[in-house]
file protein21.txt (compact mmCIF, C-alpha atoms (C1' of nucleotides))
# COMPACT_ATOMS: atom_id res chain seq x y z
CA MET E 5 50.04 87.88 58.88
CA PRO E 6 50.36 87.24 55.16
CA VAL E 7 53.54 88.40 53.61
CA LYS E 8 52.55 89.17 50.12
CA ALA E 9 49.85 91.06 48.38
CA LEU E 10 49.52 90.73 44.63
CA LYS E 11 48.50 87.48 43.04
CA SER E 12 48.00 84.60 45.36
CA THR E 13 49.04 81.21 44.11
CA ARG E 14 48.83 78.30 46.48
CA SER E 15 52.58 78.39 46.81
CA ASP E 16 52.36 81.53 48.85
CA ASN E 17 50.73 79.54 51.58
CA ARG E 18 53.52 77.02 51.53
CA VAL E 19 56.22 79.66 51.64
CA THR E 20 54.45 81.23 54.57
CA ALA E 21 54.18 77.85 56.22
CA VAL E 22 57.90 77.37 55.82
CA LEU E 23 58.63 80.79 57.25
CA ASP E 24 56.25 80.25 60.15
CA ALA E 25 57.87 76.95 61.01
CA ALA E 26 61.35 78.41 60.72
CA ALA E 27 60.44 81.41 62.84
CA ARG E 28 58.97 79.25 65.55
CA LEU E 29 61.94 76.91 65.66
CA PHE E 30 64.54 79.66 65.46
CA ALA E 31 62.75 81.46 68.27
CA VAL E 32 62.59 78.41 70.52
CA LYS E 33 65.81 76.56 69.78
CA GLY E 34 68.02 79.19 68.22
CA TYR E 35 69.55 79.19 64.77
CA SER E 36 72.34 76.63 65.00
CA ALA E 37 70.32 74.12 66.95
CA THR E 38 67.52 74.20 64.39
CA THR E 39 68.03 71.87 61.45
CA MET E 40 66.55 72.05 58.02
CA ARG E 41 65.02 68.68 58.78
CA ASP E 42 63.28 70.16 61.83
CA ILE E 43 61.81 72.90 59.69
CA ALA E 44 60.78 70.52 56.94
CA GLU E 45 59.04 68.21 59.38
CA ALA E 46 57.22 71.12 61.03
CA CYS E 47 55.60 72.10 57.75
CA ASP E 48 55.13 68.57 56.37
CA MET E 49 57.73 68.67 53.66
CA LEU E 50 60.88 66.81 52.87
CA PRO E 51 64.15 68.55 53.66
CA GLY E 52 65.17 68.97 50.06
CA SER E 53 61.89 70.64 49.17
CA LEU E 54 62.79 73.67 51.22
CA TYR E 55 65.48 74.49 48.70
CA TYR E 56 62.95 75.19 46.04
CA HIS E 57 61.91 78.28 48.02
CA PHE E 58 65.12 79.23 49.79
CA ALA E 59 68.62 78.73 48.50
CA ALA E 60 70.16 78.22 51.93
CA LYS E 61 69.44 78.08 55.62
CA GLU E 62 70.90 81.54 56.05
CA ASP E 63 68.45 82.96 53.55
CA LEU E 64 65.60 81.54 55.58
CA LEU E 65 66.89 83.36 58.64
CA VAL E 66 67.22 86.62 56.76
CA ALA E 67 63.65 86.30 55.52
CA VAL E 68 62.41 85.65 59.05
CA TYR E 69 64.40 88.59 60.34
CA GLU E 70 62.92 90.87 57.71
CA ALA E 71 59.39 89.80 58.52
CA GLY E 72 60.08 90.32 62.21
CA VAL E 73 61.31 93.84 61.71
CA ARG E 74 58.35 94.62 59.49
CA GLN E 75 55.89 93.43 62.12
CA LEU E 76 57.55 95.33 64.92
CA VAL E 77 57.76 98.53 62.92
CA ASP E 78 54.20 98.28 61.65
CA ASN E 79 52.67 97.52 65.03
CA MET E 80 54.63 100.24 66.70
CA ARG E 81 53.83 102.90 64.11
CA ALA E 82 50.16 102.07 64.35
CA ALA E 83 50.27 102.30 68.13
CA ILE E 84 52.06 105.63 68.47
CA ARG E 85 49.90 107.23 65.83
CA GLU E 86 47.07 107.24 68.37
CA GLU E 87 48.97 109.36 70.87
CA SER E 88 50.37 112.86 70.83
CA ASP E 89 52.00 113.36 74.24
CA PRO E 90 55.64 112.23 74.00
CA TRP E 91 55.48 110.06 77.11
CA ALA E 92 52.22 108.52 76.02
CA ARG E 93 53.75 107.80 72.63
CA LEU E 94 56.74 106.12 74.24
CA GLU E 95 54.49 103.98 76.40
CA ALA E 96 52.34 103.05 73.43
CA GLY E 97 55.45 102.11 71.48
CA CYS E 98 56.73 99.94 74.31
CA ALA E 99 53.36 98.29 74.67
CA ALA E 100 53.28 97.49 70.96
CA HIS E 101 56.80 96.13 71.14
CA LEU E 102 55.91 93.87 74.04
CA GLU E 103 52.63 92.76 72.53
CA THR E 104 54.40 91.75 69.36
CA LEU E 105 57.32 90.13 71.11
CA LEU E 106 55.49 88.30 73.86
CA ARG E 107 52.18 87.37 72.36
CA GLN E 108 51.95 87.64 68.64
CA SER E 109 55.06 86.86 66.80
CA ASP E 110 57.66 84.15 66.65
CA TYR E 111 59.31 86.35 64.04
CA ALA E 112 59.92 89.16 66.50
CA GLN E 113 61.31 86.71 69.01
CA VAL E 114 63.94 85.63 66.52
CA LEU E 115 65.26 89.20 66.51
CA VAL E 116 65.88 88.87 70.22
CA ARG E 117 67.04 85.28 70.22
CA VAL E 118 69.38 85.09 67.26
CA LEU E 119 72.41 87.33 67.05
CA PRO E 120 73.67 88.63 63.72
CA ALA E 121 77.00 87.00 64.53
CA ASP E 122 75.32 83.60 64.40
CA VAL E 123 75.30 83.71 60.62
CA GLY E 124 78.71 84.28 59.16
CA HIS E 125 77.70 85.65 55.82
CA ALA E 126 74.51 87.61 56.30
CA ALA E 127 75.51 89.23 59.59
CA ALA E 128 75.71 92.73 58.16
CA ARG E 129 72.25 92.46 56.67
CA LEU E 130 70.83 91.35 60.00
CA LYS E 131 72.52 94.14 61.89
CA ALA E 132 71.08 96.65 59.47
CA LEU E 133 67.60 95.25 59.97
CA ARG E 134 67.91 95.54 63.72
CA ALA E 135 69.21 99.06 63.48
CA GLU E 136 66.30 100.01 61.25
CA TYR E 137 63.87 99.06 63.96
CA GLU E 138 65.75 100.66 66.82
CA ARG E 139 65.72 103.95 64.97
CA SER E 140 62.02 104.23 65.75
CA PHE E 141 62.88 104.26 69.43
CA ARG E 142 65.48 106.93 68.92
CA ASP E 143 62.77 109.25 67.67
CA LEU E 144 60.43 108.47 70.54
CA VAL E 145 63.09 109.13 73.15
CA GLY E 146 64.27 112.20 71.29
CA ALA E 147 60.86 113.81 71.69
CA LEU E 148 60.78 113.49 75.47
CA LEU E 149 61.15 116.45 77.77
CA LEU E 150 64.00 115.47 80.06
CA PRO E 151 66.24 117.15 82.62
CA PRO E 152 69.28 118.66 80.96
CA GLY E 153 72.24 116.34 80.96
CA THR E 154 70.16 113.22 80.60
CA ASP E 155 71.86 110.71 78.30
CA ARG E 156 69.09 109.87 75.87
CA GLY E 157 71.13 107.18 74.20
CA VAL E 158 71.54 105.29 77.45
CA LEU E 159 67.88 105.81 78.28
CA ARG E 160 66.94 104.28 74.95
CA LEU E 161 69.26 101.33 75.31
CA MET E 162 68.18 100.73 78.87
CA LEU E 163 64.56 100.62 77.85
CA LEU E 164 65.22 98.46 74.82
CA GLY E 165 67.22 96.06 76.94
CA ALA E 166 64.46 95.77 79.50
CA LEU E 167 61.89 95.19 76.77
CA ASN E 168 63.87 92.58 74.89
CA TRP E 169 65.06 90.72 77.94
CA SER E 170 61.48 90.37 79.14
CA ARG E 171 61.12 87.61 76.57
CA PHE E 172 63.22 85.40 78.81
CA TRP E 173 61.12 85.71 81.94
CA PHE E 174 57.64 86.85 80.93
CA ALA E 175 55.02 84.25 81.71
CA GLU E 176 51.72 84.34 79.85
CA GLY E 177 48.92 84.33 82.34
CA GLY E 178 50.96 85.91 85.09
CA ARG E 179 50.10 89.07 86.96
CA ASP E 180 51.34 91.34 84.20
CA THR E 181 50.23 91.79 80.65
CA PRO E 182 52.44 93.29 77.96
CA ARG E 183 50.51 96.53 78.34
CA SER E 184 50.81 96.72 82.11
CA LEU E 185 54.48 95.92 81.82
CA ALA E 186 55.06 98.74 79.35
CA ARG E 187 53.24 101.11 81.66
CA LYS E 188 55.40 100.13 84.60
CA PHE E 189 58.63 100.33 82.66
CA VAL E 190 57.90 103.80 81.39
CA HIS E 191 56.62 105.02 84.73
CA LEU E 192 59.80 103.89 86.44
CA LEU E 193 61.71 106.14 84.06
CA ARG E 194 59.21 108.91 83.74
CA GLU E 195 59.32 110.27 87.25
CA THR E 196 62.75 111.56 86.38
CA GLN E 197 61.01 114.45 84.77
CA HIS E 198 59.37 115.55 87.99
CA ALA E 199 62.53 115.66 90.05
CA MET S 20 90.94 83.97 87.91
CA PRO S 21 92.30 80.66 89.12
CA VAL S 22 89.75 78.24 90.32
CA LYS S 23 91.65 75.79 92.44
CA ALA S 24 93.31 76.20 95.75
CA LEU S 25 94.68 73.07 97.34
CA LYS S 26 97.33 70.95 95.76
CA SER S 27 98.40 71.98 92.33
CA THR S 28 99.03 69.22 89.88
CA ARG S 29 99.76 70.28 86.37
CA SER S 30 96.40 68.99 85.31
CA ASP S 31 94.57 71.81 87.03
CA ASN S 32 96.07 74.17 84.53
CA ARG S 33 94.85 72.09 81.66
CA VAL S 34 91.34 71.81 83.02
CA THR S 35 91.32 75.55 83.44
CA ALA S 36 92.61 75.96 79.92
CA VAL S 37 89.76 73.81 78.64
CA LEU S 38 87.21 75.80 80.59
CA ASP S 39 88.66 79.10 79.44
CA ALA S 40 88.54 78.02 75.83
CA ALA S 41 85.01 76.69 76.18
CA ALA S 42 83.83 79.84 77.93
CA ARG S 43 85.29 82.07 75.25
CA LEU S 44 83.80 80.06 72.41
CA PHE S 45 80.40 79.61 74.04
CA ALA S 46 80.32 83.35 74.71
CA VAL S 47 81.21 84.29 71.16
CA LYS S 48 79.54 81.63 69.04
CA GLY S 49 76.92 80.20 71.33
CA TYR S 50 76.59 76.65 72.55
CA SER S 51 75.30 74.75 69.53
CA ALA S 52 77.61 76.46 67.08
CA THR S 53 80.66 75.62 69.15
CA THR S 54 82.11 72.16 68.49
CA MET S 55 84.25 70.03 70.71
CA ARG S 56 86.85 70.26 67.98
CA ASP S 57 86.81 74.05 68.26
CA ILE S 58 87.42 73.83 71.97
CA ALA S 59 90.12 71.21 71.61
CA GLU S 60 91.96 73.26 69.02
CA ALA S 61 91.74 76.39 71.17
CA CYS S 62 93.58 74.70 74.02
CA ASP S 63 95.93 72.59 71.87
CA MET S 64 94.42 69.21 72.50
CA LEU S 65 92.83 66.54 70.44
CA PRO S 66 89.04 66.29 70.55
CA GLY S 67 88.98 62.99 72.37
CA SER S 68 91.26 64.24 75.11
CA LEU S 69 88.56 66.56 76.39
CA TYR S 70 86.59 63.55 77.51
CA TYR S 71 89.13 62.66 80.10
CA HIS S 72 88.09 65.79 82.00
CA PHE S 73 84.46 66.16 81.02
CA ALA S 74 82.08 63.37 80.22
CA ALA S 75 80.05 65.37 77.70
CA LYS S 76 79.72 68.72 76.02
CA GLU S 77 76.81 69.55 78.29
CA ASP S 78 78.93 69.02 81.36
CA LEU S 79 81.42 71.52 80.02
CA LEU S 80 78.65 74.08 79.69
CA VAL S 81 77.44 73.44 83.22
CA ALA S 82 80.96 73.90 84.56
CA VAL S 83 81.30 77.18 82.69
CA TYR S 84 77.91 78.31 83.96
CA GLU S 85 78.88 77.53 87.52
CA ALA S 86 82.12 79.44 87.25
CA GLY S 87 80.25 82.37 85.72
CA VAL S 88 77.76 82.54 88.55
CA ARG S 89 80.55 82.28 91.10
CA GLN S 90 82.41 85.18 89.55
CA LEU S 91 79.34 87.38 89.33
CA VAL S 92 78.29 86.65 92.89
CA ASP S 93 81.77 87.13 94.30
CA ASN S 94 82.43 90.39 92.48
CA MET S 95 79.05 91.78 93.40
CA ARG S 96 79.26 90.85 97.07
CA ALA S 97 82.68 92.44 97.33
CA ALA S 98 81.38 95.60 95.66
CA ILE S 99 78.26 96.14 97.75
CA ARG S 100 80.13 95.46 100.97
CA GLU S 101 81.77 98.86 100.57
CA GLU S 102 78.49 100.75 100.60
CA SER S 103 75.71 101.21 103.12
CA ASP S 104 73.14 103.46 101.45
CA PRO S 105 70.66 101.23 99.60
CA TRP S 106 70.87 103.19 96.35
CA ALA S 107 74.65 103.28 96.51
CA ARG S 108 74.65 99.54 97.10
CA LEU S 109 72.44 98.98 94.10
CA GLU S 110 74.68 101.12 91.93
CA ALA S 111 77.78 99.31 93.17
CA GLY S 112 76.13 95.98 92.45
CA CYS S 113 75.22 97.05 88.94
CA ALA S 114 78.72 98.35 88.34
CA ALA S 115 80.23 95.05 89.46
CA HIS S 116 77.80 93.16 87.25
CA LEU S 117 78.75 95.24 84.24
CA GLU S 118 82.47 95.13 84.96
CA THR S 119 82.33 91.37 85.12
CA LEU S 120 80.10 90.97 82.12
CA LEU S 121 81.67 93.50 79.80
CA ARG S 122 85.32 93.46 80.67
CA GLN S 123 86.47 90.56 82.73
CA SER S 124 84.76 87.35 82.10
CA ASP S 125 83.83 85.16 79.18
CA TYR S 126 82.18 82.95 81.78
CA ALA S 127 79.69 85.64 82.76
CA GLN S 128 78.91 86.31 79.12
CA VAL S 129 77.88 82.69 78.68
CA LEU S 130 75.15 83.25 81.26
CA VAL S 131 73.72 85.94 79.04
CA ARG S 132 74.38 84.27 75.72
CA VAL S 133 73.33 80.68 76.32
CA LEU S 134 69.81 79.88 77.44
CA PRO S 135 69.06 76.96 79.73
CA ALA S 136 66.78 75.62 77.03
CA ASP S 137 69.78 75.17 74.75
CA VAL S 138 70.82 72.07 76.65
CA GLY S 139 68.10 69.48 76.85
CA HIS S 140 69.26 67.62 79.87
CA ALA S 141 70.97 70.10 82.19
CA ALA S 142 68.44 72.88 81.67
CA ALA S 143 67.08 72.73 85.20
CA ARG S 144 70.55 72.97 86.68
CA LEU S 145 71.32 76.02 84.57
CA LYS S 146 68.09 77.72 85.52
CA ALA S 147 68.86 77.17 89.17
CA LEU S 148 72.30 78.70 88.76
CA ARG S 149 70.84 81.78 87.12
CA ALA S 150 68.22 82.12 89.81
CA GLU S 151 70.86 81.89 92.48
CA TYR S 152 72.57 84.93 91.08
CA GLU S 153 69.44 86.97 90.52
CA ARG S 154 68.50 86.50 94.14
CA SER S 155 71.26 88.93 95.06
CA PHE S 156 69.47 91.60 93.09
CA ARG S 157 66.21 90.85 94.80
CA ASP S 158 67.79 91.78 98.10
CA LEU S 159 69.31 94.98 96.74
CA VAL S 160 66.01 96.15 95.30
CA GLY S 161 64.15 95.07 98.39
CA ALA S 162 66.19 97.45 100.51
CA LEU S 163 65.31 100.53 98.47
CA LEU S 164 63.00 103.23 99.73
CA LEU S 165 60.39 103.52 97.03
CA PRO S 166 57.02 105.19 96.57
CA PRO S 167 54.23 102.90 97.76
CA GLY S 168 52.77 100.84 94.97
CA THR S 169 56.05 100.46 93.13
CA ASP S 170 56.42 96.99 91.66
CA ARG S 171 59.84 95.94 92.91
CA GLY S 172 59.80 92.77 90.87
CA VAL S 173 59.38 94.69 87.65
CA LEU S 174 61.99 97.20 88.74
CA ARG S 175 64.45 94.39 89.33
CA LEU S 176 63.72 92.67 86.04
CA MET S 177 63.89 95.93 84.16
CA LEU S 178 67.30 96.67 85.58
CA LEU S 179 68.56 93.17 85.05
CA GLY S 180 67.36 93.24 81.46
CA ALA S 181 69.11 96.54 80.80
CA LEU S 182 72.32 95.24 82.35
CA ASN S 183 72.36 91.94 80.50
CA TRP S 184 71.33 93.35 77.17
CA SER S 185 74.18 95.85 77.32
CA ARG S 186 76.47 93.00 76.35
CA PHE S 187 75.05 93.21 72.85
CA TRP S 188 75.78 96.87 72.22
CA PHE S 189 78.48 97.96 74.65
CA ALA S 190 81.67 98.98 72.85
CA GLU S 191 84.93 98.96 74.74
CA GLY S 192 86.60 102.31 74.33
CA GLY S 193 83.37 104.16 73.76
CA ARG S 194 82.10 107.11 75.76
CA ASP S 195 80.83 104.96 78.60
CA THR S 196 82.59 102.65 80.99
CA PRO S 197 80.80 99.90 82.90
CA ARG S 198 80.86 102.14 85.96
CA SER S 199 79.44 105.20 84.22
CA LEU S 200 76.79 103.03 82.66
CA ALA S 201 75.73 101.62 86.00
CA ARG S 202 75.54 105.13 87.39
CA LYS S 203 73.33 106.28 84.56
CA PHE S 204 71.04 103.27 84.73
CA VAL S 205 70.46 103.66 88.45
CA HIS S 206 70.05 107.41 88.22
CA LEU S 207 67.37 107.02 85.58
CA LEU S 208 65.43 104.92 88.04
CA ARG S 209 66.36 106.70 91.21
CA GLU S 210 64.67 110.01 90.59
CA THR S 211 61.46 108.15 91.14
CA GLN S 212 62.07 108.52 94.82
CA HIS S 213 62.03 112.29 94.64
CA ALA S 214 58.74 112.55 92.83
C1' DC U 24 118.98 53.92 95.73
C1' DA U 25 117.33 51.75 91.92
C1' DT U 26 113.39 49.99 89.74
C1' DA U 27 108.94 48.38 88.86
C1' DA U 28 104.03 48.95 89.39
C1' DA U 29 100.34 52.39 89.15
C1' DC U 30 98.20 56.13 87.49
C1' DA U 31 96.95 60.56 85.30
C1' DA U 32 96.63 62.69 80.96
C1' DA U 33 97.17 62.87 76.72
C1' DC U 34 97.25 60.94 71.59
C1' DA U 35 95.54 58.47 67.28
C1' DA U 36 92.00 56.73 64.94
C1' DA U 37 87.77 55.69 64.15
C1' DC U 38 82.57 54.89 65.28
C1' DG U 39 77.72 55.84 63.91
C1' DC U 40 75.00 59.60 63.05
C1' DT U 41 73.25 63.98 61.46
C1' DC U 42 74.17 68.10 59.08
C1' DG U 43 73.24 71.35 54.91
C1' DT U 44 72.72 70.61 50.38
C1' DT U 45 72.26 68.55 45.49
C1' DT U 46 70.36 65.91 41.94
C1' DG U 47 67.04 63.60 39.15
C1' DT U 48 62.28 62.49 38.97
C1' DT U 49 57.37 62.73 39.83
C1' DT U 50 53.05 65.04 40.62
C1' DA U 51 49.64 68.26 40.63
C1' DT U 52 47.81 72.81 38.53
C1' DA U 53 46.51 76.14 34.91
C1' DT F 11 51.39 70.44 27.86
C1' DA F 12 54.23 73.54 30.18
C1' DT F 13 55.57 74.76 34.58
C1' DA F 14 55.59 75.24 39.58
C1' DA F 15 56.28 72.56 43.55
C1' DA F 16 57.01 68.84 45.62
C1' DC F 17 59.26 63.95 46.40
C1' DA F 18 63.04 60.35 46.88
C1' DA F 19 67.48 59.43 47.55
C1' DA F 20 71.79 60.35 48.23
C1' DC F 21 76.32 63.26 48.70
C1' DG F 22 80.44 64.60 51.46
C1' DA F 23 81.54 66.93 55.53
C1' DG F 24 81.43 67.43 60.20
C1' DC F 25 79.31 66.19 64.59
C1' DG F 26 79.75 64.22 69.66
C1' DT F 27 81.75 60.47 71.41
C1' DT F 28 84.39 55.89 72.16
C1' DT F 29 88.17 52.93 72.14
C1' DG F 30 92.82 51.31 72.57
C1' DT F 31 97.36 52.88 73.17
C1' DT F 32 101.24 55.77 74.53
C1' DT F 33 103.54 58.92 77.52
C1' DG F 34 105.29 60.98 81.21
C1' DT F 35 105.07 61.35 86.43
C1' DT F 36 104.20 59.55 91.09
C1' DT F 37 104.42 55.99 94.44
C1' DA F 38 105.56 51.80 96.45
C1' DT F 39 109.09 48.03 96.81
C1' DG F 40 113.74 45.04 96.97
call {"tool": "encode", "arguments": {"input": "protein21.txt", "output": "structure tokens"}}
result
Amino acid sequence: MPVKALKSTRSDNRVTAVLDAAARLFAVKGYSATTMRDIAEACDMLPGSLYYHFAAKEDLLVAVYEAGVRQLVDNMRAAIREESDPWARLEAGCAAHLETLLRQSDYAQVLVRVLPADVGHAAARLKALRAEYERSFRDLVGALLLPPGTDRGVLRLMLLGALNWSRFWFAEGGRDTPRSLARKFVHLLRETQHA
Amino acid sequence: MPVKALKSTRSDNRVTAVLDAAARLFAVKGYSATTMRDIAEACDMLPGSLYYHFAAKEDLLVAVYEAGVRQLVDNMRAAIREESDPWARLEAGCAAHLETLLRQSDYAQVLVRVLPADVGHAAARLKALRAEYERSFRDLVGALLLPPGTDRGVLRLMLLGALNWSRFWFAEGGRDTPRSLARKFVHLLRETQHA
DNA sequence: CATAAACAAACAAACGCTCGTTTGTTTATA
DNA sequence: TATAAACAAACGAGCGTTTGTTTGTTTATG
């Protein structure tokens, strides 16, 4: 997923390579445990060369975070556009979230793996990026027909927690796919409506 | 929560102080970002002194993990013992989990914050400790009366994900308590039975 | 009952290494 | 030939850990 659009110098490829390597390592090892030397080695550069593109390690994380949010938002918007029924839209959104998180994107995994508090300085920026994405879910849950008294905030956070935590146990090639998982999650909540 | 029982030399207090400090710092900053010097300072020791009690930083993490699992298991067992209805037992178990995680214990938070993969060598031991705890939930979910075809494994993982993720957004003093949250989580799933 | 040996538990200081980052220089591209 | 993008080498700080020593507190002994 290329990041940029206008003119395409060769350097864009290298920047993307750096970001890809950083995203992968941040997702697997976490932020603190990943060194600039790790990242440099993963994209065949010397450590110092990274600083031509990014002023600091924190800036690299922010860039990865931003790309992750963009991917999640884009994939989810595209998915829910196909559906009109509120429950179907929620399920489609969850499926897109899981597809992105579990199969496609190291970037999205960084959102789940690395906490804003891990970076002293840019924490606020990271929190804002997360909040931006979670707003999409607020809308989806807001559109549901639910028994009066249902706490939609808790429903949203419960679902988001289940989705994000799945990163830590989901096994590619197991009995479930991201789609089937989303279906099950939403069904477990949906029956509420019929009570 | 004191750990020891038999004879009480003064050193037990210091070991506990070290563990408490480590648990707090691991919970807040994560494993890699926490230094032995941080821990030493937090319990008024010099860095080298820690090595009289623990051979390596990893061993400290394992000890904290073990204490965390013990607390979660103990609190949960005590809570579900009071109930007999399967759904009430599940709710009580969730409430105990949340009470421990959100209010009582830095140790329990480490289980959620630090991944087994963060420690190269002791990863297997940490995974086993986590699994030991999650087994309790398997039993609780197994006892539920559910519509045929319900995937109990996914139900369990969904609930566990919601519970654990709550650590990242729960605000002490907000509208919800750990108990009320557990009630809402379980209720959102429970209505399934009535469908 | 005094005292010395033994030990637990800490200090003080440093080890070698790796961290994020900087600086000056070289190499390709346009 | 100007500039973007990399290299090469090093900086100081901080890392986990080790080592040798000191300090109190038990425990055994004359």
call {"tool": "interface_residues", "arguments": {"input": "protein21.txt", "of": "chain U", "to": "chain E", "cutoff": "9 Å", "atoms": "all atoms listed in the file", "output": "PDB file with C-alpha atoms (C1' of nucleotides), keeping the file's coordinate frame"}}
result
ATOM      1  C1'  DC U  42      74.170  68.100  59.080  1.00  0.00           C
ATOM      2  C1'  DG U  43      73.240  71.350  54.910  1.00  0.00           C
ATOM      3  C1'  DT U  44      72.720  70.610  50.380  1.00  0.00           C
ATOM      4  C1'  DT U  45      72.260  68.550  45.490  1.00  0.00           C
TER       5       DT U  45
END
call {"tool": "closest_residue", "arguments": {"input": "protein21.txt", "among": "E:Lys188, E:Lys131, E:Arg183, E:Arg139", "to": "chain S", "atoms": "only C-alpha atoms"}}
result
E:Lys188
call {"tool": "residues_around", "arguments": {"input": "protein21.txt", "residues": "stretch 16-23 of chain F", "least_positions_apart": "3", "cutoff": "8 Å", "atoms": "all atoms listed in the file", "output": "list in words"}}
result
Leu50 and Ser53 of chain E; DT45, DT49 and DT50 of chain U
call {"tool": "residues_around", "arguments": {"input": "protein21.txt", "residues": "S:Leu91", "least_positions_apart": "2", "cutoff": "12 Å", "atoms": "all atoms listed in the file", "output": "JSON, numbers by chain"}}
result
{"S": [84, 85, 86, 87, 88, 89, 93, 94, 95, 96, 97, 98, 112, 113, 114, 115, 116, 117, 118, 119, 120, 121, 123, 124, 125, 126, 127, 128, 129, 130, 131, 148, 149, 151, 152, 153, 154, 155, 156]}
call {"tool": "atom_distance", "arguments": {"input": "protein21.txt", "atom1": "atom CA of S:Val92", "atom2": "atom CA of E:Leu161"}}
result
24.6 Å
call {"tool": "residues_around", "arguments": {"input": "protein21.txt", "residues": "U:DA32", "least_positions_apart": "4", "cutoff": "9 Å", "atoms": "only C-alpha atoms (C1' of nucleotides)", "output": "list in words"}}
result
Ser30, Ser68 and Tyr71 of chain S; DT33 and DG34 of chain F
call {"tool": "closest_residue", "arguments": {"input": "protein21.txt", "among": "E:Arg107, E:Arg179, E:Arg18, E:Lys33", "to": "chain F", "atoms": "only C-alpha atoms (C1' of nucleotides)"}}
result
E:Arg18
call {"tool": "interface_residues", "arguments": {"input": "protein21.txt", "of": "chain F", "to": "chain S", "cutoff": "8 Å", "atoms": "only C-alpha atoms (C1' of nucleotides)", "output": "PyMOL selection string"}}
result
chain F and resi 25-27
call {"tool": "atom_distance", "arguments": {"input": "protein21.txt", "atom1": "atom CA of S:Ala136", "atom2": "atom CA of S:Leu179"}}
result
19.4 Å
call {"tool": "closest_atom_pairs", "arguments": {"input": "protein21.txt", "of": "chain S", "to": "chain E", "cutoff": "8 Å", "atoms": "all atoms listed in the file", "output": "Markdown table"}}
result
| residue | atom | partner | partner_atom | distance |
| --- | --- | --- | --- | --- |
| S:Lys48 | CA | E:Asp122 | CA | 6.6 |
| S:Gly49 | CA | E:Asp122 | CA | 7.9 |
| S:Ser51 | CA | E:Ala37 | CA | 5.6 |
| S:Ala52 | CA | E:Ser36 | CA | 5.7 |
| S:Ala136 | CA | E:Lys33 | CA | 7.4 |
| S:Asp137 | CA | E:Lys33 | CA | 6.5 |
| S:Asp170 | CA | E:Lys188 | CA | 7.8 |
| S:Val173 | CA | E:Lys188 | CA | 7.4 |
| S:Leu174 | CA | E:Leu192 | CA | 7.4 |
| S:Leu176 | CA | E:Ala166 | CA | 7.3 |
| S:Met177 | CA | E:Ala166 | CA | 4.7 |
| S:Leu178 | CA | E:Ala166 | CA | 6.8 |
| S:Leu179 | CA | E:Ala166 | CA | 7.4 |
| S:Gly180 | CA | E:Ala166 | CA | 4.3 |
| S:Ala181 | CA | E:Gly165 | CA | 4.3 |
| S:Leu182 | CA | E:Gly165 | CA | 7.5 |
| S:Asn183 | CA | E:Gly165 | CA | 7.5 |
| S:Trp184 | CA | E:Gly165 | CA | 4.9 |
| S:Ser185 | CA | E:Gly165 | CA | 7.0 |
| S:Leu200 | CA | E:Val158 | CA | 7.7 |
| S:Lys203 | CA | E:Val158 | CA | 7.4 |
| S:Phe204 | CA | E:Met162 | CA | 7.0 |
| S:Leu207 | CA | E:Leu193 | CA | 5.9 |
| S:Leu208 | CA | E:Leu193 | CA | 5.6 |
| S:Arg209 | CA | E:Thr196 | CA | 7.7 |
| S:Glu210 | CA | E:Thr196 | CA | 4.9 |
| S:Thr211 | CA | E:Glu195 | CA | 4.9 |
| S:His213 | CA | E:Ala199 | CA | 5.7 |
| S:Ala214 | CA | E:Ala199 | CA | 5.6 |
call {"tool": "atom_distance", "arguments": {"input": "protein21.txt", "atom1": "atom C1' of U:DA36", "atom2": "atom CA of S:Leu38"}}
result
25.1 Å
call {"tool": "residues_around", "arguments": {"input": "protein21.txt", "residues": "F:DT31", "least_positions_apart": "2", "cutoff": "10 Å", "atoms": "only C-alpha atoms (C1' of nucleotides)", "output": "list in words"}}
result
DC34 and DA35 of chain U; DT29 and DT33 of chain F
call {"tool": "axis_aligned_box", "arguments": {"input": "protein21.txt", "around": "stretch 26-39 of chain E", "padding_each_side": "8 Å", "output": "AutoDock Vina command-line options"}}
result
--center_x 65.7 --center_y 76.7 --center_z 65.6 --size_x 29.4 --size_y 25.6 --size_z 25.8
call {"tool": "residues_around", "arguments": {"input": "protein21.txt", "residues": "E:Ala147", "least_positions_apart": "2", "cutoff": "6 Å", "atoms": "all atoms listed in the file", "output": "PyMOL selection string"}}
result
chain E and resi 90+144-145
call {"tool": "write_last_selection", "arguments": {"input": "protein21.txt", "atoms": "C-alpha atoms", "output": "compact mmCIF listing (two decimals), keeping the file's coordinate frame"}}
result
# COMPACT_ATOMS: atom_id res chain seq x y z
CA PRO E 90 55.64 112.23 74.00
CA LEU E 144 60.43 108.47 70.54
CA VAL E 145 63.09 109.13 73.15
